[in-house]
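*Asks:* A single structure is presented below for examination.
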Amino acid sequence: VAYVPHPRNLGELQLIDRIRNRASSKPFSALRLGIGDDCAILKPPPHHDLLVTTDFSLEGRHFNRNWNSPASVGHRTLARGLSDLAAMGATPLAAFLSLALPKSAARNSTWLDGFLDGFLALANLHNVPLAGGDTSESPSNHILADIILLGSAPANRALRRSTAKPGDLLYCTGALGGAAAELSTSSKKRKPSSAASNPLLSIHYSLLPASPHLFPQPRLAVGAALLRRRLVTACIDLSDGLSTDLAHLCTASNVRAELDLAQLPLHPFAAALDEAAQITALLHGGEDYELLFTASPSTKIPRSVANVPITRIGRILKPQKSKPQMSITTDNTRFELHPQGWEHLT
Ligand SMILES: [Mg+2]
C-alpha cells in the first residue's frame, strides 16, 4: 500500500520514485511512518474520531485531458476528498493516492509531474502528507486516480447531514454556479485555458476560488470553525449541485426545504451566462465544493466564517405529504425542485 518497490517493470519503479521524491519529508504530528514500508502508521490526536473518505477521479467521467491541465487534475483529485472532510468539520491527517497511467503517460513524466504540482500544492496548503498509495499501468488509454483521505474530529462531534431540524435556517458558503460556468466556457475552447496555471502557486487564499472548476477550494477552515463554534445542526458539501445535495440532506434528516432563488449567491463567472443558464448553474451545477449547512434560528451566523462569505438561502420545515421535499420561490411563484430539475407547482 505504501509505494513499496516490488519487482515490477522499470516504468512503475520510476513512477513510484518520482512520487516518493516529491512527497513532503517534513514531520507531521499524526503521521508516525509515511511512504516506504508495507503500511503507513498514523496516530490520531487523543479523544478524536477517525474519518475516512474515498473518491475516484476517472478520465472521461470526472475530468478530461483536453481542458483539465495535469495540475488541475491533481488539484481536483485531492480537493474532492478534502471537501468531504470539510463537510464533516474534520481536520485532514493523511492522503493515500492510487494512480493508474496509460503506457504513453507513464513513459513521459510530463503529465505526472504536472499532476503532482497541482496535488502537492493543495496538500501543502492544507498541511496534508501524502502517506502512501499504489501505482499501476492503466489497462486502457484512460488515467484513473483514487484518493483516500483520513481526518480527525473531536469525539462524537463530526458534523452530519442527517441532523437538520424543522425550523432551522439553511445557509451556504461562497458562491454557486462558478464551476459549471467555467466548465462550459473551457469545454467550448476544447483546450486547457490560460486559467489552467495553478492559482495556488501565487494566490494563497481568496474569498472565492479564482478558477472554481479547475482549482476548487475545499472549505476545510470553514467546516472546522463551524464544528468548533457549535454553529450548525447539519452540514454537507456541494459536490453534485445544490438540488442534488440538498435532497441528500433532506432525505437523511427527514425534513423538507424551501429556497428563495433571489437569495442564492451567484458566482461572478455565472453572471455572464443567460438567465436560464444562470439558474441551471446555481441549482444544478455541481463541483462548487462549497458547504451547505443548517443552523437553529436562535444561532447567530456571522456574515463570514474563516474569511468565506456565508449566505442564508432558505429554511427547513417538517415533511408534509402534500408538500414537495424541496421547493423554490421566484417572483412570488413556487416551483417544486428535484435533483437536477424543477417544475411549476400547481
Ligand atoms: Mg460529499
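By convention here, the chains of the C-alpha cells are called A, B, ... in the order presented, each chain's residues are numbered starting at 1, and ligands are numbered starting at 1 in the order presented.
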Which residues come within 12 Å of stretch 321-334 of chain A, counting only C-alpha atoms, excluding same-chain residues fewer than 5 positions away, as a ChimeraX atom specification?
*Replies:* /A:242-264,279,283,313-316,339-346
*Asks:* Around ligand 1, at most 9 Å away and counting only C-alpha atoms and all ligand atoms, which residues are there? Put them as a list in words, please.
*Replies:*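 Based on only C-alpha atoms and all ligand atoms, ligand 1 is surrounded within 9 Å by Thr53, Arg80, Gly81, Ser83, Asp84, Leu85, Ala86, Ala87, Met88, Ile236, Asp237, Leu238, Ser239, Asp240, Asp245 and Tyr289 of chain A.
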*Asks:* When you look at A:Gly174 with a cut-off of 8 Å (counting only C-alpha atoms), what residues show up, excluding the ones that are within fewer than 4 positions of it in the same chain? I need them as a list in words.
*Replies:* Leu207, Leu208, Pro265, Glu290, Val308, Pro309, Ile310 and Thr311 of chain A
*Asks:* Taking into account only C-alpha atoms, which residue in the set A:Asn307, A:Thr110, A:Ser98, A:Ser298 is nearest to A:Gly133?
*Replies:*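 Among the listed residues, the smallest separation from A:Gly133 belongs to A:Ser98.
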*Asks:* Write out as a PyMOL selection string each polymer residue whose atoms come within 12 Å of A:Ala180, counting only C-alpha atoms; drop sequence neighbours fewer than 6 positions from it.
*Replies:* chain A and resi 186-187+211-214+216+239-242+266-273+277-289
*Asks:* Atom CA of A:Ser136 and atom CA of A:Pro218 are how many Å apart?
*Replies:*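 According to the coordinates, atom CA of A:Ser136 and atom CA of A:Pro218 are separated by 27.9 Å.
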*Asks:* Leaving out stretch 103-109 of chain A and any residue of its chain fewer than 2 positions from it, which residues lie within 10 Å of it when counting only C-alpha atoms, given as a PyMOL selection string?
*Replies:* chain A and resi 11-12+14-15+18+100-101+111-115+136-143
*Asks:* What is the atom CA of A:Pro154 to atom CA of A:Thr173 distance in Å?
*Replies:*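 If I compute the distance from atom CA of A:Pro154 to atom CA of A:Thr173, I get 22.6 Å.
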*Asks:* With only C-alpha atoms as the basis for distance, which of A:Leu337, A:Leu226, A:Val232, A:Ala123 is at the shortest distance from A:Lys165?
*Replies:*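 Among A:Leu337, A:Leu226, A:Val232, A:Ala123, it is A:Val232 that comes nearest to A:Lys165.
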*Asks:* Choose the residue, out of A:Ala210, A:Val128, A:Ala153, A:Leu144, that has the smallest atom-to-atom separation from A:Ser24; count only C-alpha atoms.
*Replies:* A:Val128
*Asks:* From the DSSP assignment of the backbone, select every residue of stretch 250-305 of chain A that is alpha helix (DSSP H), and format the answer as a list in words.
*Replies:*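 Selection result, alpha helix (DSSP H) within stretch 250-305 of chain A: Cys250, Thr251, Ala252, Ser253, Pro268, Phe269, Ala270, Ala271, Glu275, Ala276, Ala277, Gln278, Ile279, Thr280, Ala281, Leu282, Leu283 and His284 of chain A.
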*Asks:* Go ahead and write the residues just picked, C-alpha atoms, as a PDB file, in the first residue's frame.
*Replies:*
```pdb
ATOM      1  CA  CYS A 250     -33.451  16.452   3.405  1.00  0.00           C
ATOM      2  CA  THR A 251     -33.725  12.678   2.958  1.00  0.00           C
ATOM      3  CA  ALA A 252     -31.084  11.932   5.597  1.00  0.00           C
ATOM      4  CA  SER A 253     -32.664  14.388   8.085  1.00  0.00           C
ATOM      5  CA  PRO A 268     -19.337  36.162 -10.920  1.00  0.00           C
ATOM      6  CA  PHE A 269     -18.375  33.644 -13.663  1.00  0.00           C
ATOM      7  CA  ALA A 270     -22.014  32.525 -13.905  1.00  0.00           C
ATOM      8  CA  ALA A 271     -23.234  36.136 -14.123  1.00  0.00           C
ATOM      9  CA  GLU A 275     -30.751  33.827 -17.264  1.00  0.00           C
ATOM     10  CA  ALA A 276     -31.839  30.223 -17.865  1.00  0.00           C
ATOM     11  CA  ALA A 277     -28.221  29.002 -17.818  1.00  0.00           C
ATOM     12  CA  GLN A 278     -27.598  31.025 -14.638  1.00  0.00           C
ATOM     13  CA  ILE A 279     -30.477  29.297 -12.852  1.00  0.00           C
ATOM     14  CA  THR A 280     -29.271  25.886 -14.057  1.00  0.00           C
ATOM     15  CA  ALA A 281     -25.723  26.645 -12.877  1.00  0.00           C
ATOM     16  CA  LEU A 282     -26.983  27.848  -9.464  1.00  0.00           C
ATOM     17  CA  LEU A 283     -29.342  24.957  -8.787  1.00  0.00           C
ATOM     18  CA  HIS A 284     -27.831  22.024 -10.620  1.00  0.00           C
TER      19      HIS A 284
END
```
*Asks:* Which of stretch 63-268 of chain A counts as strand (DSSP E) under DSSP, as a VMD selection string please?
*Replies:* chain A and resid 91 to 101 130 to 137 144 to 154 169 to 173 234 to 237 256 to 260
*Asks:* How would the residues just picked look written out with C-alpha atoms as a compact mmCIF listing (two decimals), in the first residue's frame?
*Replies:*
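The resulting file, selection.txt, is reproduced below:
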```txt
# COMPACT_ATOMS: atom_id res chain seq x y z
CA THR A 91 -9.06 18.10 10.02
CA PRO A 92 -7.09 16.07 7.42
CA LEU A 93 -4.42 13.67 8.74
CA ALA A 94 -3.07 11.96 5.61
CA ALA A 95 -3.79 11.26 1.94
CA PHE A 96 -3.28 7.99 0.02
CA LEU A 97 -3.19 8.13 -3.75
CA SER A 98 -3.56 5.24 -6.18
CA LEU A 99 -2.80 6.10 -9.76
CA ALA A 100 -3.11 4.11 -12.99
CA LEU A 101 -1.48 5.73 -16.03
CA LEU A 130 0.88 12.09 1.03
CA ALA A 131 1.48 8.95 3.10
CA GLY A 132 1.19 6.15 0.55
CA GLY A 133 -0.78 4.60 -2.26
CA ASP A 134 -0.20 2.42 -5.29
CA THR A 135 0.62 2.76 -8.99
CA SER A 136 -0.16 0.60 -11.97
CA GLU A 137 -0.21 0.74 -15.73
CA LEU A 144 -7.52 6.61 -13.15
CA ALA A 145 -6.80 8.25 -9.79
CA ASP A 146 -8.23 7.08 -6.48
CA ILE A 147 -7.80 9.18 -3.37
CA ILE A 148 -8.26 8.05 0.23
CA LEU A 149 -8.27 10.72 2.91
CA LEU A 150 -8.11 10.26 6.65
CA GLY A 151 -9.13 13.03 9.00
CA SER A 152 -9.97 13.54 12.63
CA ALA A 153 -12.69 15.34 14.56
CA PRO A 154 -13.32 15.70 18.31
CA LEU A 169 -32.39 28.07 8.58
CA LEU A 170 -30.38 26.98 5.53
CA TYR A 171 -27.04 28.55 4.55
CA CYS A 172 -24.24 28.08 2.03
CA THR A 173 -20.63 29.27 1.84
CA ALA A 234 -26.26 19.62 9.85
CA CYS A 235 -23.75 20.02 7.00
CA ILE A 236 -22.97 18.54 3.55
CA ASP A 237 -20.60 19.63 0.77
CA ARG A 256 -38.17 19.45 3.63
CA ALA A 257 -36.58 22.67 2.44
CA GLU A 258 -37.77 25.91 0.88
CA LEU A 259 -35.30 28.01 -1.12
CA ASP A 260 -35.55 31.57 -2.36
```
*Asks:* Which distance in Å separates atom CA of A:Leu116 and atom CA of A:His75, to one decimal?
*Replies:*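 Answer for the atom CA of A:Leu116 to atom CA of A:His75 separation: 8.4 Å.
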*Asks:* Nearest to A:Arg160: which of A:Ala23, A:Leu291, A:Arg229, A:Lys43 is it, counting only C-alpha atoms?
*Replies:* A:Leu291
*Asks:* Check the smallest atom-to-atom distance from each of A:Ala164, A:Ile16, A:Ala71, A:Leu42 to A:Phe28 using only C-alpha atoms, then report the winner.
*Replies:*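 Comparing A:Ala164, A:Ile16, A:Ala71, A:Leu42 against A:Phe28, the winner is A:Leu42.
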